[in-house]
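Engineer: My questions all concern the structure below.
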Amino acid sequence: MKPKIIVANWKCNPESSQEAQKLFGISDKKNVVIAAPYLFLHLGKELTYAQLGAQDAFLDNGAFTGEVSSRQLVKAGVKSVILGHSERRIYFGETDELIVQKAKAALDFGLSVIICIGESQREREEGTMMAGRTIRRDVINSLSGIPPKRSGKITVAYEPIWAIGTGETPNPTDINERAKLIKSTAESLGLFGVNVLYGGSVDENNCSDFLNQPEIDGLLVGGASLVSEKIAKIIKIMNNLNGDIYPVVHKEVPTKPKPAKEVKKLTKTKTAKK
Ligand code: PGA
């Protein structure tokens, strides 16, 4: 079995450096990525086993008030970045087009990317057939145009929006089938070996149900990653399954940072209007 990974998504938490320091310490284990807020990234530089991650990344440096670029994140020791989380799509209007551009830029700078997709409650109500179509559509829209040579650094996090922070989780065997569909759709785009994570109300009690599914390569954990006892237990369960295997997220040596080709186009269109 492939080694599993846990990505801890702290979102806009915790409140203080002291709390962040404590959480870093608890989650500093093999096969873990800690996606901390920008504010606390410097505290994660001392991580021994876990990888430092971020929750978003802009295309490049420049006159983009409030943004943080992939180029800066690499310099700050970040190895992986979450892109297109449903909260960014819903609250900050991020489009598939922007997410693909961010992914290409992040990959150019040597980061691994964790691209989030997942159906809404309305799409869920439309049924399983529709969920399959939604997944194919989301994979195609969020990954099209990413060069196949980058496949080894791409992870898709499948997070049904209705499961995020609600305590409601889907059937793990259904998610296993969906992970298979995500992989085959990615392969149709020339992207082989993409990892698939499940996210949405994962906790210490349900994590092994998902981790034991062969097509699910790991978990994206939100709320439970902020509670010391919970995240410690989840990581322990995962690493018991893995044995002593190193992370699968960051497989390649980072490529030399070079300017993202897409940044000019975006600055002329969307960003310039803001
Ligand atoms: P949750 O969040 O674990 O709190 O549901 C998951 C996520 O949004 O990444």
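The chains in the structure tokens are called A, B, ... from first to last as shown; in each chain the residues are counted from 1, and the ligands are counted from 1 in the order shown.
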Give the strand (DSSP E) residues of stretch 58-176 of chain A, as assigned by DSSP on the backbone, as a PyMOL selection string.

Structural biologist: chain A and resi 80-83+112-117+154-158

Engineer: Please, could you write that set of residues out with N, CA and C atoms as a PDB file, in the first residue's frame?

Structural biologist:
```
ATOM      1  N   SER A  80       4.445  22.826   0.187  1.00  0.00           N
ATOM      2  CA  SER A  80       3.163  22.484  -0.438  1.00  0.00           C
ATOM      3  C   SER A  80       2.170  23.607  -0.207  1.00  0.00           C
ATOM      4  N   VAL A  81       1.237  23.743  -1.147  1.00  0.00           N
ATOM      5  CA  VAL A  81       0.218  24.776  -0.962  1.00  0.00           C
ATOM      6  C   VAL A  81      -1.157  24.228  -1.342  1.00  0.00           C
ATOM      7  N   ILE A  82      -2.143  24.546  -0.505  1.00  0.00           N
ATOM      8  CA  ILE A  82      -3.540  24.214  -0.814  1.00  0.00           C
ATOM      9  C   ILE A  82      -4.046  25.299  -1.758  1.00  0.00           C
ATOM     10  N   LEU A  83      -4.710  24.892  -2.824  1.00  0.00           N
ATOM     11  CA  LEU A  83      -5.277  25.880  -3.756  1.00  0.00           C
ATOM     12  C   LEU A  83      -6.740  25.541  -4.030  1.00  0.00           C
ATOM     13  N   SER A 112       4.653  21.802  -4.246  1.00  0.00           N
ATOM     14  CA  SER A 112       3.645  20.787  -4.532  1.00  0.00           C
ATOM     15  C   SER A 112       2.286  21.452  -4.317  1.00  0.00           C
ATOM     16  N   VAL A 113       1.288  21.034  -5.090  1.00  0.00           N
ATOM     17  CA  VAL A 113      -0.025  21.679  -4.944  1.00  0.00           C
ATOM     18  C   VAL A 113      -1.083  20.673  -4.507  1.00  0.00           C
ATOM     19  N   ILE A 114      -1.976  21.153  -3.664  1.00  0.00           N
ATOM     20  CA  ILE A 114      -3.109  20.341  -3.200  1.00  0.00           C
ATOM     21  C   ILE A 114      -4.358  21.098  -3.661  1.00  0.00           C
ATOM     22  N   ILE A 115      -4.964  20.614  -4.728  1.00  0.00           N
ATOM     23  CA  ILE A 115      -6.075  21.344  -5.339  1.00  0.00           C
ATOM     24  C   ILE A 115      -7.397  20.747  -4.845  1.00  0.00           C
ATOM     25  N   CYS A 116      -8.252  21.627  -4.313  1.00  0.00           N
ATOM     26  CA  CYS A 116      -9.501  21.147  -3.710  1.00  0.00           C
ATOM     27  C   CYS A 116     -10.658  21.179  -4.698  1.00  0.00           C
ATOM     28  N   ILE A 117     -11.450  20.119  -4.670  1.00  0.00           N
ATOM     29  CA  ILE A 117     -12.697  20.073  -5.427  1.00  0.00           C
ATOM     30  C   ILE A 117     -13.758  19.432  -4.517  1.00  0.00           C
ATOM     31  N   ILE A 154       1.246  16.790  -7.774  1.00  0.00           N
ATOM     32  CA  ILE A 154      -0.158  17.202  -7.718  1.00  0.00           C
ATOM     33  C   ILE A 154      -0.963  16.260  -6.828  1.00  0.00           C
ATOM     34  N   THR A 155      -1.693  16.864  -5.904  1.00  0.00           N
ATOM     35  CA  THR A 155      -2.638  16.137  -5.063  1.00  0.00           C
ATOM     36  C   THR A 155      -4.003  16.797  -5.243  1.00  0.00           C
ATOM     37  N   VAL A 156      -5.033  15.978  -5.362  1.00  0.00           N
ATOM     38  CA  VAL A 156      -6.404  16.519  -5.392  1.00  0.00           C
ATOM     39  C   VAL A 156      -7.039  16.190  -4.052  1.00  0.00           C
ATOM     40  N   ALA A 157      -7.587  17.217  -3.401  1.00  0.00           N
ATOM     41  CA  ALA A 157      -8.327  16.971  -2.156  1.00  0.00           C
ATOM     42  C   ALA A 157      -9.809  16.993  -2.493  1.00  0.00           C
ATOM     43  N   TYR A 158     -10.452  15.834  -2.334  1.00  0.00           N
ATOM     44  CA  TYR A 158     -11.890  15.761  -2.603  1.00  0.00           C
ATOM     45  C   TYR A 158     -12.626  16.060  -1.294  1.00  0.00           C
TER      46      TYR A 158
END
```

Engineer: How would you report the residues lying within 6 Å of ligand 1, as a PyMOL selection string, if you count only C-alpha atoms and all ligand atoms?

Structural biologist: chain A and resi 9+164-165+199-202+220-223

Engineer: Suppose we keep C-alpha atoms; can you now write the selection as a PDB file, in the first residue's frame?

Structural biologist:
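File again13.pdb, as written:
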```pdb
ATOM      1  CA  ASN A   9      -5.499  22.809   7.355  1.00  0.00           C
ATOM      2  CA  ILE A 164     -16.879  20.488   5.655  1.00  0.00           C
ATOM      3  CA  GLY A 165     -17.226  21.455   9.299  1.00  0.00           C
ATOM      4  CA  GLY A 199     -11.526  16.049   3.505  1.00  0.00           C
ATOM      5  CA  GLY A 200     -14.680  17.009   5.413  1.00  0.00           C
ATOM      6  CA  SER A 201     -15.363  16.440   9.137  1.00  0.00           C
ATOM      7  CA  VAL A 202     -12.479  13.997   9.554  1.00  0.00           C
ATOM      8  CA  LEU A 220      -7.214  16.927   4.677  1.00  0.00           C
ATOM      9  CA  VAL A 221      -8.132  17.735   8.259  1.00  0.00           C
ATOM     10  CA  GLY A 222      -9.600  21.106   9.282  1.00  0.00           C
ATOM     11  CA  GLY A 223     -11.272  21.508  12.686  1.00  0.00           C
TER      12      GLY A 223
END
```

Engineer: Please compute the atom CA of A:Asp138-atom CA of A:Phe58 distance, one decimal, in Å.

Structural biologist: 20.7 Å

Engineer: If you take only C-alpha atoms and a cut-off of 7 Å, which residues of stretch 42-135 of chain A touch stretch 13-29 of chain A, and what are their nearest atom pairs and distances in Å to one decimal, in chain and number order, as JSON lines?

Structural biologist:
```
{"residue": "A:Leu43", "atom": "CA", "partner": "A:Gln21", "partner_atom": "CA", "distance": 6.6}
{"residue": "A:Gly44", "atom": "CA", "partner": "A:Phe24", "partner_atom": "CA", "distance": 6.6}
{"residue": "A:Leu47", "atom": "CA", "partner": "A:Asp28", "partner_atom": "CA", "distance": 6.1}
{"residue": "A:Thr48", "atom": "CA", "partner": "A:Asp28", "partner_atom": "CA", "distance": 6.6}
{"residue": "A:Tyr49", "atom": "CA", "partner": "A:Lys29", "partner_atom": "CA", "distance": 4.9}
{"residue": "A:Ala50", "atom": "CA", "partner": "A:Asp28", "partner_atom": "CA", "distance": 4.8}
```

Engineer: Can you list, as number ranges by chain, every residue of stretch 30-263 of chain A that DSSP puts in helix (DSSP H, G or I)?

Structural biologist: A: 38-46, 70-75, 86-91, 96-108, 121-125, 128-143, 148-153, 161-163, 172-188, 207-211, 223-226, 228-242, 263

Engineer: For A:Ala224, please output as a ChimeraX atom specification all residues within 7 Å (counting only C-alpha atoms; exclusion window: fewer than 6 positions along the same chain).

Structural biologist: /A:203,230-231

Engineer: Give me, please, the distance in Å between atom CA of A:Leu241 and atom CA of A:Asn205, quoted to one decimal.

Structural biologist: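 According to the coordinates, atom CA of A:Leu241 and atom CA of A:Asn205 are separated by 15.0 Å.
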
Engineer: Counting only C-alpha atoms, which of A:Val78, A:Ile182, A:Ser142, A:Ala36 gets nearest to A:Thr95?

Structural biologist: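 Using only C-alpha atoms, the shortest distance to A:Thr95 belongs to A:Ser142.
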